[in-house]
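Dumped work.txt below, it's compact mmCIF, C-alpha atoms:
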```
# COMPACT_ATOMS: atom_id res chain seq x y z
CA MET J 17 96.52 73.45 77.58
CA GLU J 18 100.06 74.63 77.10
CA ILE J 19 101.41 78.04 76.30
CA ASP J 20 104.30 78.10 73.87
CA GLU J 21 107.23 80.48 73.46
CA ILE J 22 105.30 82.90 71.23
CA ASP J 23 102.40 83.03 73.70
CA ARG J 24 104.90 83.74 76.42
CA GLN J 25 106.38 86.61 74.43
CA ILE J 26 102.93 88.02 73.73
CA ILE J 27 102.06 87.81 77.42
CA ALA J 28 105.32 89.57 78.32
CA ALA J 29 104.67 92.27 75.71
CA THR J 30 101.20 92.98 77.13
CA GLN J 31 102.07 92.91 80.80
CA THR J 32 101.61 96.63 81.09
CA GLY J 33 98.52 96.42 78.89
CA LEU J 34 97.52 96.59 75.26
CA PRO J 35 99.67 99.19 73.45
CA LEU J 36 97.80 102.47 72.93
CA THR J 37 98.78 102.74 69.30
CA LEU J 38 96.63 102.78 66.15
CA LYS J 39 97.55 99.16 65.45
CA PRO J 40 98.33 97.64 68.85
CA TYR J 41 98.77 94.07 67.58
CA GLN J 42 101.24 95.34 64.98
CA THR J 43 103.14 97.09 67.79
CA ILE J 44 103.31 93.83 69.75
CA ALA J 45 104.29 91.91 66.60
CA ASP J 46 107.11 94.36 65.83
CA SER J 47 108.52 94.05 69.34
CA ILE J 48 108.61 90.25 69.03
CA GLY J 49 109.59 90.08 65.37
CA ILE J 50 106.58 88.18 64.03
CA SER J 51 103.53 89.19 61.97
CA ASP J 52 100.47 90.87 63.47
CA GLU J 53 98.31 88.08 62.07
CA VAL J 54 100.13 85.52 64.18
CA VAL J 55 99.77 87.75 67.26
CA MET J 56 96.01 88.12 66.75
CA GLN J 57 95.60 84.42 66.02
CA LYS J 58 97.50 83.44 69.16
CA ILE J 59 95.48 85.87 71.27
CA VAL J 60 92.18 84.54 69.93
CA VAL J 61 93.26 80.97 70.75
CA MET J 62 94.31 82.04 74.26
CA GLN J 63 90.87 83.62 74.68
CA GLU J 64 89.13 80.44 73.52
CA GLN J 65 91.18 78.43 76.00
CA GLY J 66 90.35 80.82 78.81
CA ILE J 67 94.00 81.78 79.28
CA ILE J 68 92.87 85.32 78.49
CA ARG J 69 89.58 86.02 80.29
CA ARG J 70 88.95 89.09 78.14
CA ILE J 71 90.68 92.17 76.75
CA ALA J 72 89.19 94.95 78.78
CA ALA J 73 89.53 97.94 81.05
CA VAL J 74 89.82 97.43 84.79
CA PRO J 75 88.75 100.51 86.73
CA ASN J 76 90.03 101.46 90.14
CA HIS J 77 86.87 100.97 92.22
CA TYR J 78 87.64 103.87 94.51
CA ARG J 79 88.13 106.29 91.67
CA LEU J 80 84.69 105.45 90.30
CA GLY J 81 83.21 106.33 93.66
CA TYR J 82 82.89 102.77 94.95
CA LYS J 83 84.31 103.56 98.35
CA TYR J 84 82.81 100.54 100.07
CA ASN J 85 84.53 97.43 98.78
CA GLY J 86 83.78 94.67 101.20
CA MET J 87 85.22 91.20 101.35
CA THR J 88 82.35 89.34 102.95
CA VAL J 89 83.38 86.04 104.51
CA TRP J 90 81.06 83.29 105.71
CA ASN J 91 81.37 80.06 107.62
CA ILE J 92 79.33 77.53 105.65
CA GLU J 93 78.89 73.87 106.45
CA ASP J 94 81.19 71.99 104.09
CA LYS J 95 78.45 69.84 102.59
CA HIS J 96 76.52 72.92 101.47
CA ILE J 97 79.44 75.07 100.33
CA ASN J 98 79.13 74.46 96.57
CA GLU J 99 75.39 74.95 96.49
CA MET J 100 75.69 78.19 98.47
CA GLY J 101 78.74 79.41 96.52
CA GLU J 102 76.98 78.99 93.16
CA CYS J 103 73.97 80.84 94.51
CA ILE J 104 75.90 83.81 95.96
CA GLY J 105 78.17 84.04 92.89
CA GLN J 106 75.11 84.80 90.76
CA LEU J 107 74.18 87.97 92.66
CA ASN J 108 74.63 91.02 90.46
CA PHE J 109 76.69 92.94 93.04
CA VAL J 110 79.22 90.14 93.73
CA SER J 111 82.45 90.54 91.74
CA HIS J 112 84.31 87.46 92.98
CA CYS J 113 83.06 84.42 94.85
CA TYR J 114 85.30 81.59 96.04
CA HIS J 115 85.55 78.63 98.37
CA ARG J 116 88.78 79.01 100.37
CA PRO J 117 90.25 77.06 103.29
CA ARG J 118 89.56 77.89 106.92
CA HIS J 119 92.43 78.50 109.36
CA LEU J 120 90.95 77.32 112.62
CA PRO J 121 90.48 78.50 115.25
CA GLU J 122 91.01 82.15 114.31
CA TRP J 123 89.70 82.05 110.73
CA PRO J 124 86.53 79.95 110.48
CA TYR J 125 85.34 81.38 107.15
CA ASN J 126 85.33 79.32 103.95
CA LEU J 127 83.13 81.32 101.54
CA PHE J 128 84.41 84.65 100.20
CA ALA J 129 82.25 87.11 98.24
CA MET J 130 83.45 90.58 97.22
CA ILE J 131 80.80 93.29 97.18
CA HIS J 132 81.00 96.91 96.01
CA SER J 133 78.90 99.98 96.64
CA LYS J 134 79.13 103.76 96.67
CA THR J 135 77.38 103.96 100.03
CA GLU J 136 77.58 102.26 103.40
CA GLU J 137 73.85 101.53 103.30
CA GLY J 138 74.44 99.87 99.93
CA VAL J 139 76.98 97.36 101.23
CA LYS J 140 74.91 96.73 104.37
CA ARG J 141 71.93 95.91 102.17
CA GLN J 142 74.05 93.61 99.99
CA GLN J 143 75.39 91.80 103.06
CA GLN J 144 71.86 91.30 104.33
CA ILE J 145 70.75 89.85 101.00
CA ILE J 146 73.61 87.32 101.17
CA ALA J 147 72.84 86.46 104.81
CA ASP J 148 69.17 85.91 103.94
CA LEU J 149 70.07 83.59 101.07
CA LEU J 150 72.50 81.56 103.18
CA GLY J 151 69.96 81.30 105.99
CA GLN J 152 70.54 78.34 108.31
CA TYR J 153 73.74 77.27 106.48
CA ASN J 154 75.50 80.42 107.66
CA LEU J 155 77.37 79.59 110.87
CA GLY J 156 79.17 82.92 111.16
CA GLN J 157 80.17 85.93 109.13
CA ASP J 158 82.39 88.97 108.94
CA VAL J 159 83.12 91.70 106.42
CA LEU J 160 86.54 93.19 105.77
CA TYR J 161 86.75 96.54 104.06
CA SER J 162 89.78 97.59 102.13
CA THR J 163 91.04 100.79 103.72
CA ARG J 164 93.87 101.35 101.27
CA ILE J 165 95.28 99.87 98.06
CA LEU J 166 98.93 99.15 98.86
CA LYS J 167 99.73 97.65 95.47
CA LYS J 168 97.81 96.85 92.30
CA THR J 169 99.78 95.81 89.26
CA GLY J 170 97.99 92.83 87.82
CA LEU J 171 99.73 89.61 86.99
CA ARG J 172 103.38 89.46 86.15
CA ILE J 173 104.94 86.46 84.57
CA ARG J 174 108.28 86.10 82.95
CA MET M 28 86.13 112.38 84.67
CA ASP M 29 83.39 113.61 82.32
CA GLU M 30 80.57 111.87 80.49
CA VAL M 31 82.88 110.80 77.67
CA ASP M 32 85.28 109.17 80.14
CA LYS M 33 82.38 107.38 81.81
CA LYS M 34 81.14 106.10 78.48
CA ILE M 35 84.62 104.79 77.65
CA ILE M 36 85.03 103.10 81.06
CA ASN M 37 81.61 101.46 80.94
CA HIS M 38 82.04 100.27 77.38
CA LEU M 39 85.58 98.94 77.71
CA GLN M 40 84.87 96.84 80.79
CA ASN M 41 82.91 94.49 78.51
CA GLY M 42 85.95 93.59 76.50
CA ILE M 43 87.04 94.52 73.02
CA PRO M 44 87.35 92.52 69.83
CA VAL M 45 90.66 91.30 68.44
CA CYS M 46 91.17 93.08 65.11
CA GLU M 47 93.81 95.12 63.34
CA SER M 48 92.49 98.51 64.49
CA PRO M 49 90.48 97.85 67.66
CA TYR M 50 90.47 101.49 68.78
CA GLN M 51 88.93 102.54 65.51
CA ALA M 52 86.18 99.95 65.91
CA ILE M 53 85.43 101.06 69.49
CA SER M 54 85.65 104.77 68.74
CA GLU M 55 82.99 104.36 66.07
CA GLU M 56 80.69 102.62 68.54
CA LEU M 57 81.28 105.43 71.03
CA GLY M 58 80.98 108.24 68.51
CA LEU M 59 84.54 109.47 69.10
CA THR M 60 87.58 109.71 66.90
CA GLU M 61 90.25 107.07 67.24
CA THR M 62 92.89 109.57 68.45
CA VAL M 63 90.55 111.07 71.05
CA LEU M 64 89.79 107.58 72.39
CA ILE M 65 93.50 106.70 72.63
CA GLU M 66 94.33 110.02 74.34
CA ARG M 67 91.47 109.59 76.81
CA LEU M 68 92.60 106.04 77.61
CA LYS M 69 96.17 107.23 78.21
CA LEU M 70 94.91 109.88 80.63
CA LEU M 71 92.56 107.50 82.48
CA LEU M 72 95.49 105.13 83.01
CA GLU M 73 97.89 107.92 84.01
CA LYS M 74 95.40 109.30 86.52
CA GLY M 75 94.82 105.83 87.92
CA ILE M 76 91.09 105.82 87.19
CA LEU M 77 91.79 102.70 85.17
CA SER M 78 94.27 100.35 86.78
CA ARG M 79 94.70 98.32 83.61
CA PHE M 80 93.64 98.12 80.00
CA GLY M 81 94.51 95.02 78.04
CA PRO M 82 94.37 91.24 78.15
CA LEU M 83 93.34 89.87 81.55
CA TYR M 84 95.17 86.62 82.04
CA HIS M 85 94.02 83.56 83.94
CA ALA M 86 97.08 82.58 85.97
CA GLU M 87 96.20 78.93 86.58
CA LYS M 88 95.37 78.32 82.94
CA MET M 89 98.78 79.70 81.96
CA GLY M 90 100.31 76.98 84.08
CA GLY M 91 100.85 79.41 86.88
CA ALA M 92 99.25 79.74 90.26
CA LEU M 93 97.43 82.32 92.28
CA THR M 94 96.66 82.57 95.94
CA LEU M 95 95.16 84.97 98.43
CA ALA M 96 97.16 85.39 101.61
CA ALA M 97 96.98 87.50 104.72
CA VAL M 98 99.20 88.62 107.58
CA LYS M 99 98.61 90.20 110.98
CA VAL M 100 100.88 93.23 111.01
CA PRO M 101 101.57 95.21 114.18
CA GLN M 102 100.49 98.80 113.47
CA GLU M 103 103.96 100.27 114.02
CA ARG M 104 105.43 97.93 111.40
CA PHE M 105 102.67 98.36 108.84
CA GLU M 106 104.53 100.49 106.28
CA GLN M 107 107.73 98.48 106.59
CA VAL M 108 105.93 95.17 106.01
CA ALA M 109 103.93 96.69 103.14
CA ASP M 110 107.21 97.72 101.49
CA ILE M 111 108.69 94.23 101.85
CA ILE M 112 105.60 92.56 100.42
CA ASN M 113 105.05 95.10 97.64
CA LEU M 114 108.65 94.74 96.47
CA MET M 115 108.07 91.10 95.61
CA PRO M 116 107.28 90.91 91.88
CA GLU M 117 104.95 87.95 92.47
CA VAL M 118 102.63 90.08 94.61
CA ALA M 119 99.99 91.40 92.21
CA HIS M 120 97.68 93.21 94.64
CA ASN M 121 97.97 94.19 98.24
CA TYR M 122 95.21 95.74 100.34
CA ALA M 123 95.01 97.10 103.86
CA ARG M 124 91.86 95.76 105.55
CA ASN M 125 90.09 96.51 108.81
CA HIS M 126 90.63 93.22 110.63
CA GLU M 127 93.20 91.62 112.89
CA LEU M 128 94.45 90.09 109.63
CA ASN M 129 95.07 93.58 108.31
CA MET M 130 97.08 93.02 105.13
CA TRP M 131 95.72 90.89 102.28
CA PHE M 132 97.60 90.20 99.10
CA VAL M 133 97.43 88.10 95.96
CA ILE M 134 100.48 86.12 94.91
CA ALA M 135 100.72 85.10 91.25
CA THR M 136 103.52 82.91 89.93
CA ASP M 137 104.28 81.36 86.57
CA GLN M 138 104.75 77.93 88.14
CA SER M 139 102.45 76.48 90.76
CA ASN M 140 105.25 75.21 92.99
CA LYS M 141 106.67 78.73 93.41
CA ILE M 142 103.83 79.92 95.66
CA THR M 143 105.25 78.07 98.67
CA LYS M 144 108.66 79.62 98.03
CA VAL M 145 107.22 83.15 97.90
CA ILE M 146 105.28 82.57 101.12
CA GLN M 147 108.39 81.26 102.87
CA ASP M 148 110.29 84.30 101.60
CA ILE M 149 107.68 86.68 102.99
CA GLU M 150 107.63 84.86 106.33
CA GLN M 151 111.40 85.03 106.55
CA LYS M 152 111.66 88.69 105.56
CA THR M 153 108.81 89.89 107.77
CA GLY M 154 108.99 87.42 110.64
CA LEU M 155 105.17 87.07 110.37
CA SER M 156 103.03 83.99 109.71
CA VAL M 157 101.32 84.04 106.35
CA TYR M 158 97.75 82.70 106.23
CA ASN M 159 97.56 81.05 102.83
CA MET M 160 94.04 80.83 101.38
CA PRO M 161 94.26 79.41 97.85
CA LYS M 162 90.90 79.02 96.18
CA ILE M 163 89.36 75.58 96.43
CA LYS M 164 86.62 76.47 93.96
CA GLU M 165 85.77 79.53 91.89
CA TYR M 166 82.05 80.27 91.65
CA PHE M 167 82.21 83.61 89.89
CA VAL M 168 84.72 86.19 88.67
CA GLY M 169 83.58 89.24 86.78
CA LEU M 170 81.25 92.18 87.32
CA LYS M 171 81.20 95.49 85.64
CA LEU M 172 81.15 98.57 87.86
CA GLU M 173 79.28 101.44 86.31
CA ALA M 174 81.21 104.73 86.19
```
Would you write the structure of this file as structure tokens?
Amino acid sequence: MEIDEIDRQIIAATQTGLPLTLKPYQTIADSIGISDEVVMQKIVVMQEQGIIRRIAAVPNHYRLGYKYNGMTVWNIEDKHINEMGECIGQLNFVSHCYHRPRHLPEWPYNLFAMIHSKTEEGVKRQQQIIADLLGQYNLGQDVLYSTRILKKTGLRIR
Amino acid sequence: MDEVDKKIINHLQNGIPVCESPYQAISEELGLTETVLIERLKLLLEKGILSRFGPLYHAEKMGGALTLAAVKVPQERFEQVADIINLMPEVAHNYARNHELNMWFVIATDQSNKITKVIQDIEQKTGLSVYNMPKIKEYFVGLKLEA
């Protein structure tokens, strides 16, 4: 799966988002000097290949009232990590779920699941649901709340 | 943010079709005019209620790389270190978190071998050790938050 020069130009032209014009793909096409049909075709192919996950709005969680955005982290026995990760990733309040490396001794956690709620009770309840599902495979846990967004720009590539 | 804004936010998190006049197509579904939808979107982005509207790219599939990293920043140096890290164009997000590892950021590069370079750069400029936590496996990425 390779991106070519035109893809690269389309990506660069949409780094700040899809143009808010009546014909956004025409706007992109004009800035690159190709036709809007080619732009749309290339974008559809990138979507099919998973290079573009989707064309969508990303809200600022805080501004929607989701004040409690917790990064829950869990220490799961390595041989059960995939089974547990797949299970937790399916919960309807988990936005991201990953297996990541530990940094022993100070960072023993290898399963990360982001949870979001408008209330403290909400996130506590979500955490408990995860803990119950992990059961005996959970060797330790913590939850890190974001206290401030220091930067949020999305991906930048040249 | 009124009911119309909420409707727009909820609807547009699902993704929009690729067509010549996508805003017209969406505005019809939402019962708005195309110009009202575009104006509302502009305002939601300006006010920071939406942090982005457009294609969401998958860094690794573009041949690039992505990692999550953290640093332990002494409280008195917090703003200074945040400035150094935020100035790096490869840093896509940066969050303050309530933990000894109190600054967590995502590094995205167009080539996978550049991650190490960015981490070394940050370590050199801040004098702090960077805890690099690249994903080993992705189980889920998504979720729509209702406005």
Define the interface residues of chain J facing chain M as those within 6 Å, counting only C-alpha atoms, and report them as an NGL selection string. :J and (33-34 or 39 or 67-76 or 79-80 or 101-102 or 105 or 111-117 or 160-171 or 173)
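Going from atom CA of J:Gly151 over to atom CA of J:Pro124, you cover 17.2 Å.
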Quick one: pull the distance between atom CA of J:Glu93 and atom CA of J:Gly138, Å, one decimal.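 These atoms are spaced 27.2 Å apart.
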Test item: which residues lie within 9 Å of (79.7, 98.1, 96.2) counting only C-alpha atoms, as a ChimeraX atom specification: /J:77,82-86,109-110,130-136,138-139,142 /M:172
Pick from M:Glu55, M:Leu70, M:Ile149, M:Val157: nearest to M:Ala97, with all atoms listed in the file counted? M:Val157
Could you tell me how far atom CA of J:Thr88 lies from atom CA of M:Lys99, in Å and to one decimal?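 Between these atoms lies a distance of 18.2 Å.
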Could you please give me, as number ranges by chain, the residues of protein, DNA or RNA lying at most 12 Å from (68.7, 80.7, 95.6) in the coordinate frame of the file, considering only C-alpha atoms? J: 99-107, 145-151
Just need the box for stretch 155-167 of chain M, edges along x, y and z, holding every atom the file lists for it with 3 Å tacked onto each side, so centre and edge lengths in Å to one decimal, as lines of an AutoDock Vina configuration file.
```
center_x = 93.6
center_y = 81.3
center_z = 100.1
size_x = 29.1
size_y = 17.5
size_z = 26.5
```
Residues at most 7 Å from stretch 46-58 of chain J, counting all atoms listed in the file, excluding those fewer than 3 positions away in the same chain, as a ChimeraX atom specification? /J:23,25,41-43,61-62 /M:45
Spatial neighbours of M:Thr153, 10 Å, all atoms listed in the file, chain gap at least 5 places, as a list in words: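 Surrounding residues, per the criterion: Val98, Val100, Arg104, Gln107, Val108, Ala109, Ile111, Ile112, Gln147 and Asp148 of chain M.
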